[in-house]
file coords.txt (compact mmCIF, C-alpha atoms)
# COMPACT_ATOMS: atom_id res chain seq x y z
CA MET A 1 -105.03 132.07 -44.02
CA ASN A 2 -106.38 128.56 -44.27
CA GLU A 3 -108.06 126.74 -41.42
CA ALA A 4 -105.14 124.39 -40.80
CA GLN A 5 -102.82 127.31 -40.13
CA ARG A 6 -105.42 129.02 -37.95
CA LEU A 7 -105.81 125.81 -35.95
CA VAL A 8 -102.04 125.60 -35.49
CA ASP A 9 -102.04 129.18 -34.24
CA LEU A 10 -104.69 128.28 -31.68
CA ILE A 11 -102.70 125.37 -30.22
CA PRO A 12 -100.99 127.39 -27.45
CA ARG A 13 -104.36 128.70 -26.23
CA LEU A 14 -105.82 125.23 -26.47
CA ARG A 15 -102.94 123.87 -24.38
CA ARG A 16 -103.36 126.57 -21.78
CA TYR A 17 -107.07 125.89 -21.42
CA ALA A 18 -106.53 122.11 -21.40
CA ARG A 19 -103.92 122.41 -18.67
CA ALA A 20 -106.25 124.40 -16.46
CA LEU A 21 -109.24 122.24 -17.29
CA ALA A 22 -107.64 118.81 -16.93
CA GLY A 23 -105.37 119.62 -13.99
CA ASP A 24 -102.22 117.69 -14.78
CA ARG A 25 -99.87 117.90 -17.69
CA SER A 26 -100.27 114.43 -19.10
CA SER A 27 -104.08 114.53 -19.10
CA ALA A 28 -103.86 117.95 -20.70
CA ASP A 29 -101.52 116.68 -23.41
CA ASP A 30 -103.87 113.81 -24.17
CA LEU A 31 -106.80 116.17 -24.24
CA VAL A 32 -105.11 118.53 -26.69
CA GLN A 33 -104.01 115.69 -28.94
CA ASP A 34 -107.45 114.08 -29.01
CA THR A 35 -109.05 117.46 -29.61
CA LEU A 36 -106.79 118.25 -32.56
CA GLU A 37 -107.34 114.83 -34.07
CA ARG A 38 -111.04 115.23 -33.74
CA ALA A 39 -111.10 118.80 -34.99
CA TRP A 40 -109.00 117.84 -37.98
CA ALA A 41 -111.23 114.91 -38.85
CA LYS A 42 -114.35 117.03 -38.39
CA LEU A 43 -113.13 120.19 -40.02
CA HIS A 44 -115.66 119.79 -42.81
CA LEU A 45 -118.33 120.45 -40.17
CA TYR A 46 -116.86 123.83 -39.34
CA ARG A 47 -118.83 126.60 -41.01
CA ARG A 48 -116.51 129.06 -42.66
CA GLY A 49 -116.79 132.58 -41.43
CA THR A 50 -117.93 131.56 -37.95
CA ASP A 51 -115.75 131.74 -34.87
CA LEU A 52 -113.08 129.04 -35.31
CA ARG A 53 -111.80 129.45 -31.77
CA ALA A 54 -115.25 128.87 -30.29
CA TRP A 55 -115.70 125.87 -32.56
CA LEU A 56 -112.35 124.40 -31.52
CA PHE A 57 -113.05 124.94 -27.84
CA THR A 58 -116.43 123.29 -28.30
CA VAL A 59 -114.65 120.27 -29.75
CA MET A 60 -112.33 120.23 -26.75
CA HIS A 61 -115.22 120.59 -24.35
CA ASN A 62 -117.00 117.59 -25.89
CA VAL A 63 -113.83 115.49 -25.93
CA HIS A 64 -113.24 116.38 -22.30
CA VAL A 65 -116.80 115.58 -21.22
CA ASN A 66 -116.60 112.21 -22.97
CA LYS A 67 -113.28 111.43 -21.35
CA VAL A 68 -114.53 112.33 -17.90
CA ARG A 69 -117.61 110.23 -18.50
CA ALA A 70 -115.54 107.30 -19.78
CA THR A 71 -113.25 107.24 -16.78
CA ARG A 72 -116.21 107.76 -14.48
CA SER A 73 -114.20 110.17 -12.47
CA THR A 74 -116.48 112.16 -10.27
CA ASP A 75 -116.39 115.86 -9.80
CA PRO A 76 -116.51 117.30 -6.35
CA LEU A 77 -120.06 117.86 -5.26
CA ASP A 78 -121.39 121.31 -5.76
CA ASP A 79 -121.66 122.04 -2.07
CA GLU A 80 -118.53 120.28 -1.09
CA MET A 81 -115.74 122.50 0.15
CA PRO A 82 -112.79 120.30 0.87
CA GLU A 83 -110.06 121.48 3.16
CA LEU A 84 -106.83 122.26 1.44
CA ALA A 85 -103.87 120.45 2.87
CA GLN A 86 -101.41 122.66 4.66
CA GLY A 87 -97.86 122.35 3.50
CA ALA A 88 -94.49 123.90 4.04
CA GLY A 89 -92.26 125.40 1.40
CA GLN A 90 -91.85 128.64 -0.40
CA PRO A 91 -94.90 130.79 0.01
CA ASP A 92 -94.98 131.70 -3.68
CA ALA A 93 -94.68 128.15 -4.93
CA LEU A 94 -97.24 127.03 -2.41
CA MET A 95 -99.56 129.79 -3.44
CA VAL A 96 -99.30 128.89 -7.12
CA ARG A 97 -99.81 125.22 -6.47
CA ASP A 98 -102.77 125.94 -4.30
CA LEU A 99 -104.47 128.06 -6.94
CA ASP A 100 -103.90 125.20 -9.36
CA ARG A 101 -105.44 122.78 -6.89
CA ALA A 102 -108.27 125.07 -5.95
CA ILE A 103 -109.23 125.34 -9.61
CA ALA A 104 -109.09 121.56 -9.91
CA ARG A 105 -111.53 121.35 -7.00
CA LEU A 106 -114.18 123.42 -8.69
CA PRO A 107 -117.04 121.43 -10.20
CA ALA A 108 -116.09 120.80 -13.84
CA GLU A 109 -118.89 122.83 -15.37
CA GLN A 110 -118.08 125.84 -13.21
CA ARG A 111 -114.39 125.50 -13.95
CA ALA A 112 -114.99 125.52 -17.70
CA VAL A 113 -116.98 128.76 -17.52
CA LEU A 114 -114.48 130.49 -15.26
CA LEU A 115 -111.56 129.53 -17.50
CA LEU A 116 -113.20 130.61 -20.74
CA VAL A 117 -114.12 133.96 -19.20
CA THR A 118 -110.84 134.55 -17.40
CA LEU A 119 -108.16 132.91 -19.54
CA GLU A 120 -109.75 133.14 -22.97
CA GLU A 121 -111.55 136.39 -22.15
CA MET A 122 -114.53 135.22 -24.11
CA SER A 123 -117.73 137.22 -23.96
CA TYR A 124 -120.57 135.59 -22.03
CA GLU A 125 -122.35 134.94 -25.34
CA GLN A 126 -119.30 133.14 -26.73
CA VAL A 127 -119.04 131.03 -23.59
CA ALA A 128 -122.71 130.12 -23.84
CA ARG A 129 -122.27 129.07 -27.46
CA THR A 130 -119.04 127.21 -26.84
CA LEU A 131 -120.48 125.16 -24.01
CA GLY A 132 -123.98 124.91 -25.42
CA ILE A 133 -125.67 126.34 -22.34
CA PRO A 134 -127.99 129.34 -21.76
CA ILE A 135 -126.36 132.61 -20.86
CA GLY A 136 -128.12 132.66 -17.48
CA THR A 137 -126.36 129.41 -16.66
CA VAL A 138 -123.06 130.94 -17.69
CA MET A 139 -123.61 133.79 -15.24
CA SER A 140 -124.66 131.62 -12.33
CA ARG A 141 -121.77 129.19 -12.85
CA LEU A 142 -119.31 132.05 -13.12
CA SER A 143 -120.60 133.57 -9.92
CA ARG A 144 -120.42 130.31 -8.01
CA ALA A 145 -116.98 129.46 -9.37
CA ARG A 146 -115.56 132.80 -8.31
CA GLU A 147 -117.05 132.68 -4.87
CA LYS A 148 -115.88 129.13 -4.32
CA LEU A 149 -112.38 129.93 -5.49
CA ARG A 150 -112.22 132.98 -3.25
CA ALA A 151 -113.36 130.97 -0.24
CA MET A 152 -110.77 128.30 -0.90
CA MET A 153 -107.93 130.71 -1.47
CA THR A 154 -108.63 133.21 1.27
CA GLY A 155 -109.43 130.45 3.72
CA HIS A 156 -105.94 129.19 3.16
CA ALA A 157 -103.96 132.37 2.67
CA ALA A 158 -105.30 133.94 5.83
CA ALA A 159 -101.94 135.54 6.53
CA THR A 160 -102.07 137.80 3.52
CA LYS A 161 -105.00 140.02 4.22
CA LEU A 162 -106.99 141.11 1.22
CA LYS A 163 -106.55 144.69 0.28
CA VAL A 164 -109.39 146.78 -0.94
CA VAL A 165 -108.50 148.17 -4.30
CA LYS A 166 -109.89 151.62 -4.80
CA MET B 1 -124.10 140.73 1.95
CA SER B 2 -126.93 142.35 0.13
CA LEU B 3 -126.46 143.36 -3.45
CA ALA B 4 -129.87 144.93 -3.64
CA PRO B 5 -129.31 147.62 -6.27
CA PHE B 6 -127.31 145.33 -8.59
CA THR B 7 -127.78 141.85 -9.95
CA ASP B 8 -125.11 139.28 -9.47
CA ALA B 9 -124.67 139.15 -13.24
CA GLU B 10 -123.88 142.87 -13.22
CA LEU B 11 -121.30 142.35 -10.52
CA GLN B 12 -119.63 139.62 -12.60
CA ALA B 13 -119.71 141.85 -15.67
CA TYR B 14 -118.08 144.59 -13.62
CA VAL B 15 -115.29 142.23 -12.58
CA ASP B 16 -114.73 141.40 -16.25
CA GLY B 17 -114.87 145.01 -17.37
CA ARG B 18 -117.99 144.31 -19.38
CA LEU B 19 -120.44 146.64 -17.63
CA ASP B 20 -121.47 149.76 -19.51
CA ALA B 21 -120.03 153.05 -18.32
CA ALA B 22 -123.13 154.47 -16.64
CA ARG B 23 -123.87 151.36 -14.69
CA ARG B 24 -120.21 150.96 -13.82
CA ALA B 25 -120.09 154.42 -12.24
CA GLU B 26 -123.17 153.62 -10.15
CA LEU B 27 -121.69 150.34 -9.02
CA GLU B 28 -118.37 151.92 -8.10
CA ALA B 29 -120.13 154.56 -6.05
CA TRP B 30 -122.07 151.85 -4.29
CA LEU B 31 -118.92 149.83 -3.60
CA VAL B 32 -117.38 152.79 -1.76
CA GLU B 33 -120.21 152.51 0.73
CA HIS B 34 -119.91 148.73 0.94
CA PRO B 35 -116.31 147.81 1.70
CA GLU B 36 -117.10 144.14 2.14
CA GLU B 37 -118.45 143.88 -1.38
CA ALA B 38 -115.60 146.00 -2.68
CA GLU B 39 -113.21 143.54 -1.13
CA ARG B 40 -115.00 140.65 -2.74
CA VAL B 41 -114.83 142.25 -6.18
CA ALA B 42 -111.16 143.03 -5.66
CA ALA B 43 -110.52 139.41 -4.69
CA TYR B 44 -112.26 138.18 -7.85
CA ARG B 45 -110.08 140.44 -9.96
CA ARG B 46 -106.94 139.49 -8.15
CA LEU B 47 -107.71 135.79 -8.55
CA GLY B 48 -108.32 136.38 -12.25
CA ASP B 49 -104.91 138.02 -12.58
CA GLU B 50 -103.24 135.21 -10.67
CA LEU B 51 -104.99 132.64 -12.80
CA ARG B 52 -103.80 134.25 -16.03
CA GLU B 53 -100.32 134.53 -14.61
CA LEU B 54 -100.31 130.91 -13.48
CA TYR B 55 -101.08 129.54 -16.94
CA ALA B 56 -99.35 132.20 -19.02
CA PRO B 57 -96.16 130.14 -19.52
CA LEU B 58 -98.14 127.71 -21.67
CA LEU B 59 -98.81 130.45 -24.19
CA VAL B 60 -95.12 130.95 -24.87
CA GLU B 61 -93.99 127.36 -24.48
CA PRO B 62 -93.00 125.92 -27.87
CA VAL B 63 -95.71 123.72 -29.33
CA PRO B 64 -94.51 120.10 -29.54
CA PRO B 65 -93.94 119.34 -33.23
CA SER B 66 -96.07 116.22 -32.90
CA LEU B 67 -99.12 118.37 -32.20
CA ALA B 68 -98.69 120.68 -35.14
CA ALA B 69 -97.92 117.64 -37.27
CA LEU B 70 -101.38 116.32 -36.52
CA LEU B 71 -102.70 119.17 -38.62
CA THR B 72 -100.27 118.90 -41.51
CA THR B 73 -99.37 115.31 -42.23
CA ARG B 74 -102.85 114.02 -42.33
CA THR B 75 -104.55 115.98 -45.04
CA ARG B 76 -105.83 112.68 -46.35
CA TRP B 77 -107.90 112.26 -43.26
CA ARG B 78 -110.12 115.01 -44.43
CA ARG B 79 -110.77 113.02 -47.50
CA ALA B 80 -111.62 110.06 -45.33
CA ALA B 81 -113.95 112.27 -43.39
CA ALA B 82 -115.51 113.50 -46.61
CA VAL B 83 -116.12 109.93 -47.66
CA ALA B 84 -117.68 109.41 -44.26
CA GLY B 85 -119.93 112.35 -44.91
CA TRP B 86 -121.18 110.78 -48.12
CA ILE B 87 -121.86 107.51 -46.39
CA ALA B 88 -123.63 109.32 -43.61
CA LEU B 89 -125.85 111.09 -46.12
CA GLY B 90 -127.60 107.80 -46.67
CA GLY B 91 -127.97 107.48 -42.92
CA ALA B 92 -129.91 109.14 -40.24
CA ILE B 93 -128.31 112.53 -39.71
CA GLY B 94 -129.62 115.11 -42.09
CA GLY B 95 -128.07 118.27 -40.78
CA LEU B 96 -124.45 117.31 -40.67
CA ALA B 97 -123.27 120.84 -41.27
CA GLY B 98 -122.98 122.95 -38.21
CA TRP B 99 -121.53 122.90 -34.81
CA GLU B 100 -119.66 120.15 -33.11
CA LEU B 101 -122.50 120.20 -30.60
CA HIS B 102 -124.12 117.45 -32.64
CA GLU B 103 -121.52 115.22 -31.10
CA ALA B 104 -123.20 115.40 -27.77
CA ARG B 105 -126.43 113.89 -29.02
CA PRO B 106 -127.19 110.45 -27.70
CA GLU B 107 -128.01 108.93 -31.11
CA ALA B 108 -124.60 109.92 -32.39
CA ALA B 109 -122.93 108.70 -29.22
CA ALA B 110 -124.24 105.17 -29.66
CA ILE B 111 -122.56 104.68 -33.03
CA PRO B 112 -118.88 104.72 -32.03
CA GLU B 113 -119.64 101.71 -29.82
CA VAL B 114 -119.15 99.41 -32.80
CA GLY B 115 -115.75 100.92 -33.47
CA ALA B 116 -114.75 100.79 -29.81
CA THR B 117 -115.73 97.12 -29.65
CA MET B 118 -113.67 96.44 -32.75
CA ALA B 119 -110.67 98.23 -31.20
CA ARG B 120 -111.00 96.13 -28.06
CA ARG B 121 -111.13 92.88 -30.03
CA ALA B 122 -108.17 93.98 -32.13
CA ALA B 123 -106.17 94.68 -28.97
CA ILE B 124 -107.00 91.25 -27.59
CA ALA B 125 -105.97 89.61 -30.86
CA HIS B 126 -102.76 91.61 -30.80
CA ALA B 127 -101.99 90.56 -27.23
CA THR B 128 -102.72 86.94 -28.10
CA TYR B 129 -100.74 86.54 -31.31
CA SER B 130 -97.95 89.08 -31.38
CA PRO B 131 -95.83 87.35 -28.67
CA GLU B 132 -95.95 84.07 -30.61
CA VAL B 133 -92.50 82.98 -31.69
CA ARG B 134 -93.21 79.80 -33.61
CA HIS B 135 -96.75 80.36 -34.87
CA PRO B 136 -97.43 84.07 -35.12
CA VAL B 137 -99.47 83.55 -38.31
CA GLU B 138 -101.31 80.79 -40.13
CA VAL B 139 -100.07 81.72 -43.59
CA GLY B 140 -96.71 83.39 -43.99
CA ALA B 141 -95.70 86.31 -46.19
CA ASP B 142 -93.97 83.87 -48.54
CA GLN B 143 -97.47 82.85 -49.65
CA GLU B 144 -98.91 86.35 -49.70
CA ALA B 145 -101.05 85.85 -52.81
CA HIS B 146 -102.63 82.77 -51.31
CA LEU B 147 -103.12 84.56 -47.96
CA VAL B 148 -104.92 87.49 -49.56
CA ALA B 149 -107.08 85.29 -51.80
CA TRP B 150 -108.03 83.04 -48.91
CA LEU B 151 -108.94 85.83 -46.48
CA SER B 152 -110.75 87.82 -49.18
CA LYS B 153 -112.89 84.78 -49.93
CA ARG B 154 -113.68 84.11 -46.29
CA LEU B 155 -114.54 87.74 -45.54
CA GLY B 156 -116.45 88.16 -48.79
CA ALA B 157 -114.58 91.35 -49.59
CA PRO B 158 -111.52 92.07 -51.71
CA LEU B 159 -108.67 92.61 -49.25
CA ARG B 160 -105.19 93.89 -49.82
CA THR B 161 -102.09 93.78 -47.67
CA PRO B 162 -100.58 97.24 -47.42
CA LYS B 163 -96.85 97.49 -48.10
CA LEU B 164 -95.32 99.17 -45.09
CA ASP B 165 -91.64 98.94 -45.94
CA ALA B 166 -91.49 102.70 -46.29
CA VAL B 167 -92.33 103.05 -42.59
CA GLY B 168 -90.04 100.19 -41.59
CA TYR B 169 -92.39 97.22 -41.36
CA SER B 170 -92.63 94.09 -43.43
CA LEU B 171 -95.41 91.54 -43.61
CA VAL B 172 -95.05 88.45 -41.43
CA GLY B 173 -98.32 86.89 -42.58
CA GLY B 174 -101.91 86.59 -41.51
CA ARG B 175 -104.61 84.48 -40.01
CA LEU B 176 -108.35 84.12 -39.87
CA LEU B 177 -110.13 84.99 -36.62
CA PRO B 178 -113.72 84.68 -35.43
CA GLY B 179 -115.41 88.07 -35.07
CA ASP B 180 -118.71 89.57 -33.97
CA ASN B 181 -120.05 89.60 -37.50
CA GLY B 182 -118.30 86.74 -39.19
CA PRO B 183 -114.67 86.08 -39.99
CA VAL B 184 -111.95 88.63 -39.38
CA ALA B 185 -108.62 88.98 -41.19
CA HIS B 186 -105.57 89.55 -39.02
CA PHE B 187 -102.28 90.66 -40.59
CA MET B 188 -99.02 90.89 -38.74
CA TYR B 189 -96.08 93.14 -39.53
CA GLN B 190 -92.68 93.36 -37.97
CA CYS B 191 -89.80 95.81 -38.06
CA ASN B 192 -86.15 94.74 -38.12
CA ARG B 193 -85.92 95.20 -34.36
CA GLY B 194 -88.68 92.66 -33.92
CA THR B 195 -91.44 95.07 -32.94
CA ARG B 196 -94.79 93.82 -34.14
CA ILE B 197 -97.87 95.58 -35.36
CA THR B 198 -101.12 93.89 -36.24
CA LEU B 199 -103.87 94.99 -38.59
CA TYR B 200 -107.35 93.73 -37.81
CA VAL B 201 -109.88 93.92 -40.65
CA ARG B 202 -113.57 93.22 -40.27
CA THR B 203 -116.57 93.56 -42.55
CA GLU B 204 -120.15 94.73 -42.05
CA MET B 205 -119.27 98.23 -40.99
CA ALA B 206 -121.54 99.82 -43.61
CA GLY B 207 -123.99 101.35 -41.16
CA ASN B 208 -121.23 102.96 -39.21
CA GLN B 209 -120.88 106.70 -39.60
CA GLU B 210 -117.82 107.07 -37.46
CA THR B 211 -115.04 107.02 -39.99
CA ALA B 212 -112.45 109.41 -38.67
CA PHE B 213 -109.26 107.94 -37.27
CA ARG B 214 -109.81 107.21 -33.64
CA TYR B 215 -107.41 106.10 -30.96
CA ALA B 216 -108.07 103.70 -28.11
CA ARG B 217 -105.91 102.20 -25.45
CA GLU B 218 -106.41 98.78 -23.93
CA GLY B 219 -103.88 98.15 -21.23
CA ASN B 220 -100.48 98.70 -22.82
CA ILE B 221 -101.80 98.31 -26.35
CA GLY B 222 -102.52 101.35 -28.48
CA VAL B 223 -105.05 101.01 -31.30
CA PHE B 224 -105.84 103.33 -34.17
CA TYR B 225 -109.09 102.36 -35.85
CA TRP B 226 -111.22 103.65 -38.67
CA VAL B 227 -113.88 102.65 -41.13
CA ASP B 228 -113.50 102.81 -44.87
CA ARG B 229 -116.58 101.94 -46.85
CA LYS B 230 -117.78 98.59 -45.53
CA LEU B 231 -114.55 97.58 -43.85
CA GLY B 232 -113.37 98.36 -40.36
CA TYR B 233 -109.63 98.56 -39.66
CA ALA B 234 -107.77 98.51 -36.37
CA LEU B 235 -104.02 98.82 -36.14
CA SER B 236 -102.50 97.72 -32.81
CA SER B 237 -99.14 97.82 -31.14
CA ALA B 238 -97.87 97.57 -27.61
CA ASP B 239 -94.35 98.72 -28.29
CA ILE B 240 -94.35 101.94 -30.24
CA SER B 241 -95.52 105.43 -29.40
CA LYS B 242 -98.88 106.80 -30.42
CA GLU B 243 -97.16 109.12 -32.91
CA ASP B 244 -95.27 106.24 -34.54
CA LEU B 245 -98.37 104.10 -34.67
CA LEU B 246 -100.21 107.01 -36.24
CA ARG B 247 -97.54 107.25 -38.93
CA VAL B 248 -98.06 103.58 -39.74
CA ALA B 249 -101.86 103.98 -39.67
CA ASN B 250 -101.54 106.84 -42.10
CA ALA B 251 -99.37 104.69 -44.37
CA VAL B 252 -101.91 101.86 -44.21
CA TYR B 253 -104.69 104.22 -45.10
CA GLN B 254 -102.79 105.68 -48.01
CA GLN B 255 -101.91 102.23 -49.31
CA LEU B 256 -105.51 101.12 -49.21
CA ASN B 257 -106.76 104.36 -50.79
CA PRO B 258 -104.23 105.14 -53.51
call {"tool": "encode", "arguments": {"input": "coords.txt", "output": "structure tokens"}}
result
Amino acid sequence: MNEAQRLVDLIPRLRRYARALAGDRSSADDLVQDTLERAWAKLHLYRRGTDLRAWLFTVMHNVHVNKVRATRSTDPLDDEMPELAQGAGQPDALMVRDLDRAIARLPAEQRAVLLLVTLEEMSYEQVARTLGIPIGTVMSRLSRAREKLRAMMTGHAAATKLKVVK
Amino acid sequence: MSLAPFTDAELQAYVDGRLDAARRAELEAWLVEHPEEAERVAAYRRLGDELRELYAPLLVEPVPPSLAALLTTRTRWRRAAAVAGWIALGGAIGGLAGWELHEARPEAAAIPEVGATMARRAAIAHATYSPEVRHPVEVGADQEAHLVAWLSKRLGAPLRTPKLDAVGYSLVGGRLLPGDNGPVAHFMYQCNRGTRITLYVRTEMAGNQETAFRYAREGNIGVFYWVDRKLGYALSSADISKEDLLRVANAVYQQLNP
């Protein structure tokens, strides 16, 4: 299978990651489009036989970082723990939207690690290579992202008590 | 919450099912004695499941054809990129092969500035001249040969006007503009509905290594720009979609690189 076809096959995963990374649909669409354009133009830099998915996600990561930098949008501070707005509506829909929002509130670098581990199910080594960071940093970001997400979600969904899974 | 017998990394690996069997058994035994930690681990796993569930629909959603088309209709771009590679060989970056991580380096980041500036100027020129009813160009398409000869002479480079009839646009004419590095050629095209596209061409782009197609947006104006040998091109429009503009950009590129 040639690289173009393999890239096409990776588009759904790229879209999923972009959606979770960028937060809203239109930013995600832009991100995917820019990533594919860039990847296509830079395909000669891809080393055959290496992990194409990791390479593609690296391209997306760099495009995303540049975009965030260009728009000077600031990530929530590391220690910041904003209150989630309370809203009415169907508990399930609310729950889903809140998870979406809670993820958006994670610091960008923690969010990227959590998503690659959880959605893409990458190994920690692959995450480290994809993001260009040491594996120790992967672990500490993963740990902080999970704890932060749990605090945000359980703080809100106090009614549904956590069950201990045996 | 003390995790004394286990590192935090081990706990994360356990959540992800990446802890080896022996260690996993020890950790599970320890969790039985520490319900608070067990609850935390369970919450991490549950949130992971919810997260996968939340975004799962995107995996089965049909891919918009425009996205897949980016990887099929533009095989020529690779050739453009290969040309870029040759130009870059004479430049600063020795180890071009490898990971995209090179992109993040500051010395590489400074280079696209020239292209971005060109795109901005092209967008301004487009905004200035495309609404003109009576004087959109200095020299009309009826004197195309003269237009091309004149602008080629002023820019000091052999120019050509791409024929874009196949994508629905015909030449209106062109004009000379002042640029950052000398004169700039500005060509205007129009479709039968009156929508206008302008092509901005500047010289002195030889040192620029950024030659892939790039897209910029200035206000309501979309710009595709690229570098081919010494010339920089920027194609602007305020009225058509990015995909349509891309189709025209591709046609321009193909015309100029037969």
call {"tool": "atom_distance", "arguments": {"input": "coords.txt", "atom1": "atom CA of B:Met118", "atom2": "atom CA of B:Ala185"}}
result
12.3 Å
call {"tool": "closest_residue", "arguments": {"input": "coords.txt", "among": "A:Met153, A:His44, A:Arg146, A:Leu106", "to": "B:Val41", "atoms": "all atoms listed in the file"}}
result
A:Arg146
call {"tool": "residues_around", "arguments": {"input": "coords.txt", "residues": "B:Leu47", "least_positions_apart": "3", "cutoff": "9 Å", "atoms": "only C-alpha atoms", "output": "PyMOL selection string"}}
result
(chain A and resi 99+146+149-150+153) or (chain B and resi 42-44+50-52)
call {"tool": "closest_atom_pairs", "arguments": {"input": "coords.txt", "of": "chain A", "to": "chain B", "cutoff": "8 Å", "atoms": "all atoms listed in the file", "output": "tab-separated table"}}
result
residue	atom	partner	partner_atom	distance
A:Ala4	CA	B:Leu71	CA	6.2
A:Leu7	CA	B:Leu71	CA	7.8
A:Val8	CA	B:Ala68	CA	6.0
A:Ile11	CA	B:Val63	CA	7.2
A:Pro12	CA	B:Leu59	CA	5.0
A:Arg13	CA	B:Leu59	CA	6.2
A:Arg15	CA	B:Leu58	CA	6.7
A:Arg16	CA	B:Leu58	CA	5.3
A:Arg19	CA	B:Tyr55	CA	7.9
A:Ala20	CA	B:Tyr55	CA	7.3
A:Gln33	CA	B:Leu67	CA	6.5
A:Leu36	CA	B:Leu70	CA	7.0
A:Glu37	CA	B:Leu70	CA	6.6
A:Arg38	CA	B:Ala212	CA	7.8
A:Trp40	CA	B:Leu71	CA	6.5
A:Ala41	CA	B:Ala212	CA	5.6
A:Lys42	CA	B:Ala81	CA	6.9
A:Leu43	CA	B:Arg78	CA	7.4
A:His44	CA	B:Ala82	CA	7.4
A:Leu45	CA	B:Ala97	CA	5.1
A:Tyr46	CA	B:Gly98	CA	6.3
A:Arg47	CA	B:Gly98	CA	6.2
A:Trp55	CA	B:Trp99	CA	6.9
A:Thr58	CA	B:Glu100	CA	6.6
A:Val59	CA	B:Glu100	CA	6.0
A:Asn62	CA	B:Ala104	CA	6.8
A:Val96	CA	B:Leu54	CA	6.7
A:Leu99	CA	B:Leu51	CA	7.5
A:Asp100	CA	B:Leu54	CA	7.9
A:Thr118	CA	B:Gly48	CA	6.0
A:Leu119	CA	B:Arg52	CA	5.8
A:Gly132	CA	B:Leu101	CA	7.2
A:Met139	CA	B:Ala9	CA	5.8
A:Ser140	CA	B:Ala9	CA	7.6
A:Leu142	CA	B:Gln12	CA	7.6
A:Ser143	CA	B:Gln12	CA	6.7
A:Arg146	CA	B:Tyr44	CA	6.3
A:Glu147	CA	B:Tyr44	CA	7.9
A:Arg150	CA	B:Ala43	CA	6.8
A:Leu162	CA	B:Glu39	CA	7.1
A:Lys163	CA	B:Glu39	CA	6.9
A:Val164	CA	B:Glu39	CA	5.0
A:Val165	CA	B:Ala42	CA	5.9
call {"tool": "atom_distance", "arguments": {"input": "coords.txt", "atom1": "atom CA of B:Tyr189", "atom2": "atom CA of B:Leu171"}}
result
4.4 Å
call {"tool": "atom_distance", "arguments": {"input": "coords.txt", "atom1": "atom CA of A:Arg141", "atom2": "atom CA of A:Gly49"}}
result
29.2 Å
call {"tool": "closest_residue", "arguments": {"input": "coords.txt", "among": "B:Cys191, B:Ala238, B:Val172, B:Ala249", "to": "B:Gly140", "atoms": "all atoms listed in the file"}}
result
B:Val172
call {"tool": "build_atoms", "arguments": {"input": "coords.txt", "residues": "stretch 113-124 of chain B", "atoms": "N, CA and C atoms", "output": "PDB file, in the frame of the given file"}}
result
ATOM      1  N   GLU B 113    -119.727 102.962 -30.575  1.00  0.00           N
ATOM      2  CA  GLU B 113    -119.640 101.710 -29.820  1.00  0.00           C
ATOM      3  C   GLU B 113    -119.092 100.579 -30.675  1.00  0.00           C
ATOM      4  N   VAL B 114    -119.580 100.484 -31.916  1.00  0.00           N
ATOM      5  CA  VAL B 114    -119.150  99.410 -32.800  1.00  0.00           C
ATOM      6  C   VAL B 114    -117.649  99.488 -33.009  1.00  0.00           C
ATOM      7  N   GLY B 115    -117.177 100.709 -33.257  1.00  0.00           N
ATOM      8  CA  GLY B 115    -115.750 100.920 -33.470  1.00  0.00           C
ATOM      9  C   GLY B 115    -114.947 100.607 -32.224  1.00  0.00           C
ATOM     10  N   ALA B 116    -115.456 101.021 -31.075  1.00  0.00           N
ATOM     11  CA  ALA B 116    -114.750 100.790 -29.810  1.00  0.00           C
ATOM     12  C   ALA B 116    -114.652  99.294 -29.534  1.00  0.00           C
ATOM     13  N   THR B 117    -115.738  98.572 -29.837  1.00  0.00           N
ATOM     14  CA  THR B 117    -115.730  97.120 -29.650  1.00  0.00           C
ATOM     15  C   THR B 117    -114.695  96.478 -30.555  1.00  0.00           C
ATOM     16  N   MET B 118    -114.648  96.964 -31.798  1.00  0.00           N
ATOM     17  CA  MET B 118    -113.670  96.440 -32.750  1.00  0.00           C
ATOM     18  C   MET B 118    -112.246  96.685 -32.221  1.00  0.00           C
ATOM     19  N   ALA B 119    -112.001  97.890 -31.709  1.00  0.00           N
ATOM     20  CA  ALA B 119    -110.670  98.230 -31.200  1.00  0.00           C
ATOM     21  C   ALA B 119    -110.281  97.301 -30.057  1.00  0.00           C
ATOM     22  N   ARG B 120    -111.272  97.002 -29.201  1.00  0.00           N
ATOM     23  CA  ARG B 120    -111.000  96.130 -28.060  1.00  0.00           C
ATOM     24  C   ARG B 120    -110.623  94.728 -28.539  1.00  0.00           C
ATOM     25  N   ARG B 121    -111.415  94.232 -29.509  1.00  0.00           N
ATOM     26  CA  ARG B 121    -111.130  92.880 -30.030  1.00  0.00           C
ATOM     27  C   ARG B 121    -109.781  92.840 -30.725  1.00  0.00           C
ATOM     28  N   ALA B 122    -109.464  93.915 -31.428  1.00  0.00           N
ATOM     29  CA  ALA B 122    -108.170  93.980 -32.130  1.00  0.00           C
ATOM     30  C   ALA B 122    -107.030  93.944 -31.119  1.00  0.00           C
ATOM     31  N   ALA B 123    -107.212  94.658 -30.006  1.00  0.00           N
ATOM     32  CA  ALA B 123    -106.170  94.680 -28.970  1.00  0.00           C
ATOM     33  C   ALA B 123    -105.977  93.302 -28.359  1.00  0.00           C
ATOM     34  N   ILE B 124    -107.090  92.601 -28.153  1.00  0.00           N
ATOM     35  CA  ILE B 124    -107.000  91.250 -27.590  1.00  0.00           C
ATOM     36  C   ILE B 124    -106.276  90.324 -28.559  1.00  0.00           C
TER      37      ILE B 124
END
